[in-house]
Amino acid sequence: MALQNIGAANSDDAFYRYKMPRMITKIEGRGNGIKTNVVNMVDIAKALARPASYTTKYFGCELGAQSKFDEKTGTSHVNGAHDTAKLAGLLENFIKKYVQCYGCGNPETDILITKNQMIQLKCAACGFMSDVDMRDKLTTFIIKNPPEVKKGSKDKKAMRRAEKERMKEGEAADEELKKLKKEVKKKGPSSSKDGTTKSTSLKKKASGSDEDRVSPAHSQIDEKEEAHDEDDDDVQWQTDTSLYAARQRIQEQLSAVTADMVMLSTNEPEKKEKEATKASDNSENGNSMHYRTLVGEVKSNLKKGVTAKELLSNLAALPASAQEKMSALYEALFEGIEKGFGKEAIKKKNYLAAAVAEEEALQLLLLRAIEEFSCKSTSNALKEVGLVLKALYDADVLDEDHIVQWYQQGLKGDNKDSMIWKNVRPFIDWLQTAESESEEE
């Protein structure tokens, strides 16, 4: 059976995990009794997690024709002759109105009917409550025929989890190969003992098996360590933090090898602390930069249309801590936005992805920047923080482990009663539920 991605916006995404069968129709009868039979309506409705009677009734409402779904035989009929493309277009409208989350676009939603006879869609991913337009004709039919309450979709979440793990393994292998190429390119093609260049050796490694790519040989690791040792002078701003931040990141996230590299950039903490103190005392001479000035500098770069790499390179030269730079970057990207933060995060994911690309520990800095901006913003940033996390999680900017770690640290912190943790909770529950159910399977 041919499958397609749920939602027209995801039609070109080869890795999109939510799929449904392609519609198959058949014209039956003739004259005044001609009808269109949607042959696989039951399979389509099952993939959308909606009753087949809803989709059939929606076709009838939109086409102004009588429609009927037979529960016993599973047949779906709409009076009149209608081509497949037309019905497929109507089905897409149904998905936008009654299936996809209005916030993050995820189709994993449940229909809820409030006490006031209003219809809402509750997203299992981001927790957003979407209000359905009650002027639509189908809403009356849904209220009279409410969906059955389901306890959960265990199999679906387990499949989603397994697919995500498989994709992570493939991306890790690709990232390892990419880093090796980058190091060899920086160092230049130098001859090895057997007379071949490193670039030639790298090509041979690239053409090897998947097992070789996932577990690089010991010589590859040595090459990476040697390249990093030679490039210690070219330290990016992300790792140039205070001594306390460096130690904390080393203890929580970094391996022993990477820890040694980071400590090289903090071998003179007393000198840097004195310079920072001196800079704060001489702000009139331009030796320090106020946070708002830092945000303005980032905005100025964004207006010039610089790339993510160029922007981060410019930030590296500014006198501020890694956390301040990350917070300034996030605020410059999202300041002035009133709503639609999840969609905006997708548009600007390249900048955020580049900011955390050097080390996984930098994800915690980005999460704290999101927390800080959401709590102090007067717009809907706090309300839609779950949508932002979901968007960045789907875009592989943030991973599950760091999100959960940040959440647990927040609950133990001084602002544990903050509204942000309540708004993030549905997304955390969604992540942990998928994790626990995958282990049970």
# chains A, B, ... in the order shown; residues from 1 in each chain; ligands from 1
call {"tool": "residues_around", "arguments": {"residues": "Lys349 (chain A)", "least_positions_apart": "2", "cutoff": "9 Å", "atoms": "only C-alpha atoms", "output": "VMD selection string"}}
result
chain A and resid 344 to 347 351 to 354 391 to 392 395 397
call {"tool": "residues_around", "arguments": {"residues": "Phe128 (chain A)", "least_positions_apart": "2", "cutoff": "10 Å", "atoms": "only C-alpha atoms", "output": "list of chain:residue names"}}
result
A:Cys101, A:Tyr102, A:Gly103, A:Cys104, A:Thr109, A:Gln120, A:Leu121, A:Lys122, A:Cys123, A:Ala124, A:Ala125, A:Cys126, A:Ser130, A:Asp131, A:Lys383, A:Glu384, A:Val385, A:Gly386, A:Leu387, A:Asn423, A:Pro426, A:Phe427
call {"tool": "closest_atom_pairs", "arguments": {"of": "region 292-379 of chain A", "to": "region 408-413 of chain A", "cutoff": "12 Å", "atoms": "only C-alpha atoms", "output": "JSON lines"}}
result
{"residue": "A:Leu364", "atom": "CA", "partner": "A:Gln409", "partner_atom": "CA", "distance": 10.5}
{"residue": "A:Leu367", "atom": "CA", "partner": "A:Gly410", "partner_atom": "CA", "distance": 10.6}
{"residue": "A:Arg368", "atom": "CA", "partner": "A:Gly410", "partner_atom": "CA", "distance": 9.4}
{"residue": "A:Glu371", "atom": "CA", "partner": "A:Gly410", "partner_atom": "CA", "distance": 9.4}
{"residue": "A:Glu372", "atom": "CA", "partner": "A:Gly410", "partner_atom": "CA", "distance": 11.6}
call {"tool": "write_last_selection", "arguments": {"atoms": "N, CA and C atoms", "output": "PDB file, in the first residue's frame"}}
result
ATOM      1  N   LEU A 364      22.600  23.217  27.216  1.00  0.00           N
ATOM      2  CA  LEU A 364      22.097  23.711  28.498  1.00  0.00           C
ATOM      3  C   LEU A 364      22.114  25.241  28.541  1.00  0.00           C
ATOM      4  N   LEU A 367      19.088  26.311  26.597  1.00  0.00           N
ATOM      5  CA  LEU A 367      17.861  26.084  27.373  1.00  0.00           C
ATOM      6  C   LEU A 367      17.696  27.140  28.454  1.00  0.00           C
ATOM      7  N   ARG A 368      18.794  27.530  29.082  1.00  0.00           N
ATOM      8  CA  ARG A 368      18.700  28.590  30.096  1.00  0.00           C
ATOM      9  C   ARG A 368      18.372  29.934  29.450  1.00  0.00           C
ATOM     10  N   GLU A 371      14.715  29.856  28.873  1.00  0.00           N
ATOM     11  CA  GLU A 371      14.043  30.058  30.167  1.00  0.00           C
ATOM     12  C   GLU A 371      14.048  31.528  30.566  1.00  0.00           C
ATOM     13  N   GLU A 372      15.209  32.161  30.459  1.00  0.00           N
ATOM     14  CA  GLU A 372      15.341  33.567  30.851  1.00  0.00           C
ATOM     15  C   GLU A 372      14.464  34.474  29.994  1.00  0.00           C
TER      16      GLU A 372
END
call {"tool": "residues_around", "arguments": {"residues": "Pro107 (chain A)", "least_positions_apart": "5", "cutoff": "9 Å", "atoms": "only C-alpha atoms", "output": "list in words"}}
result
Ile6, Gly7, Tyr18, Leu48, Ala49, Ile95, Lys96, Val99, Gln100, Cys101 and Cys123 of chain A
call {"tool": "write_last_selection", "arguments": {"atoms": "N, CA and C atoms", "output": "PDB file, in the first residue's frame"}}
result
ATOM      1  N   ILE A   6       1.616  12.695   6.454  1.00  0.00           N
ATOM      2  CA  ILE A   6       0.413  13.398   6.897  1.00  0.00           C
ATOM      3  C   ILE A   6       0.687  14.895   6.894  1.00  0.00           C
ATOM      4  N   GLY A   7      -0.115  15.643   6.148  1.00  0.00           N
ATOM      5  CA  GLY A   7       0.071  17.090   6.054  1.00  0.00           C
ATOM      6  C   GLY A   7       0.866  17.475   4.825  1.00  0.00           C
ATOM      7  N   TYR A  18       5.108  10.304  10.578  1.00  0.00           N
ATOM      8  CA  TYR A  18       3.641  10.146  10.565  1.00  0.00           C
ATOM      9  C   TYR A  18       3.166   9.996   9.125  1.00  0.00           C
ATOM     10  N   LEU A  48      -4.994   8.630  10.894  1.00  0.00           N
ATOM     11  CA  LEU A  48      -5.231   9.973  11.437  1.00  0.00           C
ATOM     12  C   LEU A  48      -5.736   9.945  12.867  1.00  0.00           C
ATOM     13  N   ALA A  49      -6.053   8.739  13.379  1.00  0.00           N
ATOM     14  CA  ALA A  49      -6.604   8.580  14.733  1.00  0.00           C
ATOM     15  C   ALA A  49      -7.922   9.331  14.874  1.00  0.00           C
ATOM     16  N   ILE A  95      -7.427  17.564   7.824  1.00  0.00           N
ATOM     17  CA  ILE A  95      -6.248  17.335   8.661  1.00  0.00           C
ATOM     18  C   ILE A  95      -5.817  18.637   9.342  1.00  0.00           C
ATOM     19  N   LYS A  96      -5.813  19.737   8.604  1.00  0.00           N
ATOM     20  CA  LYS A  96      -5.414  21.020   9.179  1.00  0.00           C
ATOM     21  C   LYS A  96      -6.370  21.472  10.285  1.00  0.00           C
ATOM     22  N   VAL A  99      -6.915  17.580  12.915  1.00  0.00           N
ATOM     23  CA  VAL A  99      -5.892  16.588  13.253  1.00  0.00           C
ATOM     24  C   VAL A  99      -4.602  17.257  13.737  1.00  0.00           C
ATOM     25  N   GLN A 100      -4.045  18.153  12.957  1.00  0.00           N
ATOM     26  CA  GLN A 100      -2.751  18.745  13.309  1.00  0.00           C
ATOM     27  C   GLN A 100      -2.888  19.795  14.414  1.00  0.00           C
ATOM     28  N   CYS A 101      -1.867  19.813  15.296  1.00  0.00           N
ATOM     29  CA  CYS A 101      -1.807  20.829  16.349  1.00  0.00           C
ATOM     30  C   CYS A 101      -1.622  22.202  15.716  1.00  0.00           C
ATOM     31  N   CYS A 123      -2.542  18.550  22.086  1.00  0.00           N
ATOM     32  CA  CYS A 123      -1.352  17.962  21.489  1.00  0.00           C
ATOM     33  C   CYS A 123      -0.585  17.154  22.532  1.00  0.00           C
TER      34      CYS A 123
END
call {"tool": "closest_residue", "arguments": {"among": "A:Ile337, A:Leu366, A:Leu294, A:Leu389", "to": "Leu318 (chain A)", "atoms": "only C-alpha atoms"}}
result
A:Leu294
call {"tool": "closest_residue", "arguments": {"among": "A:Leu302, A:Met23, A:Ala173, A:Ile119", "to": "Met41 (chain A)", "atoms": "only C-alpha atoms"}}
result
A:Met23
call {"tool": "residues_around", "arguments": {"residues": "Ile113 (chain A)", "least_positions_apart": "5", "cutoff": "12 Å", "atoms": "only C-alpha atoms", "output": "list in words"}}
result
Met118, Ile119, Gln120, Leu121, Lys122, Met129, Ser130, Asp131, Val132, Met134, Thr139, Thr140, Ile142, Ile143, Lys144, Asn145, Pro146, Pro147, Glu148 and Val149 of chain A
call {"tool": "write_last_selection", "arguments": {"atoms": "C-alpha atoms", "output": "short mmCIF file (atom, residue, chain, number, x, y, z; two decimals), in the first residue's frame"}}
result
data_model
loop_
_atom_site.label_atom_id
_atom_site.label_comp_id
_atom_site.auth_asym_id
_atom_site.auth_seq_id
_atom_site.Cartn_x
_atom_site.Cartn_y
_atom_site.Cartn_z
CA MET A 118 -16.51 23.69 22.41
CA ILE A 119 -14.08 21.45 20.52
CA GLN A 120 -10.36 21.54 21.27
CA LEU A 121 -7.34 19.56 20.08
CA LYS A 122 -4.86 18.60 22.80
CA MET A 129 -4.70 23.38 23.26
CA SER A 130 -6.02 24.28 19.79
CA ASP A 131 -9.48 25.85 19.57
CA VAL A 132 -11.45 24.51 16.60
CA MET A 134 -17.14 26.14 15.80
CA THR A 139 -18.45 20.50 14.62
CA THR A 140 -22.16 19.83 15.20
CA ILE A 142 -18.67 15.74 16.30
CA ILE A 143 -20.48 17.05 19.38
CA LYS A 144 -23.38 14.68 18.72
CA ASN A 145 -20.98 11.79 18.03
CA PRO A 146 -17.99 12.33 20.35
CA PRO A 147 -14.90 10.16 19.80
CA GLU A 148 -14.20 7.22 22.07
CA VAL A 149 -11.72 7.91 24.84
#
call {"tool": "select_by_dssp", "arguments": {"residues": "region 114-155 of chain A", "states": "strand (DSSP E)", "output": "tab-separated table (two decimals) with N, CA and C atoms, in the first residue's frame"}}
result
chain	number	residue	atom	x	y	z
A	119	ILE	N	-14.99	22.52	20.92
A	119	ILE	CA	-14.08	21.45	20.52
A	119	ILE	C	-12.65	21.97	20.56
A	120	GLN	N	-11.77	21.20	21.20
A	120	GLN	CA	-10.36	21.54	21.27
A	120	GLN	C	-9.51	20.33	20.87
A	121	LEU	N	-8.30	20.61	20.39
A	121	LEU	CA	-7.34	19.56	20.08
A	121	LEU	C	-6.19	19.67	21.06
A	122	LYS	N	-5.96	18.61	21.83
A	122	LYS	CA	-4.86	18.60	22.80
A	122	LYS	C	-3.68	17.86	22.20
A	123	CYS	N	-2.54	18.55	22.09
A	123	CYS	CA	-1.35	17.96	21.49
A	123	CYS	C	-0.59	17.15	22.53
A	129	MET	N	-3.25	23.60	23.43
A	129	MET	CA	-4.70	23.38	23.26
A	129	MET	C	-5.18	24.23	22.08
A	130	SER	N	-5.56	23.58	20.99
A	130	SER	CA	-6.02	24.28	19.79
A	130	SER	C	-7.54	24.40	19.81
A	131	ASP	N	-8.04	25.60	19.60
A	131	ASP	CA	-9.48	25.85	19.57
A	131	ASP	C	-10.00	25.72	18.15
call {"tool": "closest_residue", "arguments": {"among": "A:Ala316, A:Ala14, A:Ala328, A:Cys61", "to": "Met167 (chain A)", "atoms": "only C-alpha atoms"}}
result
A:Ala14
call {"tool": "residues_around", "arguments": {"residues": "Asp83 (chain A)", "least_positions_apart": "3", "cutoff": "8 Å", "atoms": "only C-alpha atoms", "output": "NGL selection string"}}
result
:A and (25 or 86-87)
call {"tool": "atom_distance", "arguments": {"atom1": "CA of Ser300 (chain A)", "atom2": "CA of Asn314 (chain A)"}}
result
11.1 Å
call {"tool": "atom_distance", "arguments": {"atom1": "CA of Leu362 (chain A)", "atom2": "CA of Phe15 (chain A)"}}
result
26.0 Å
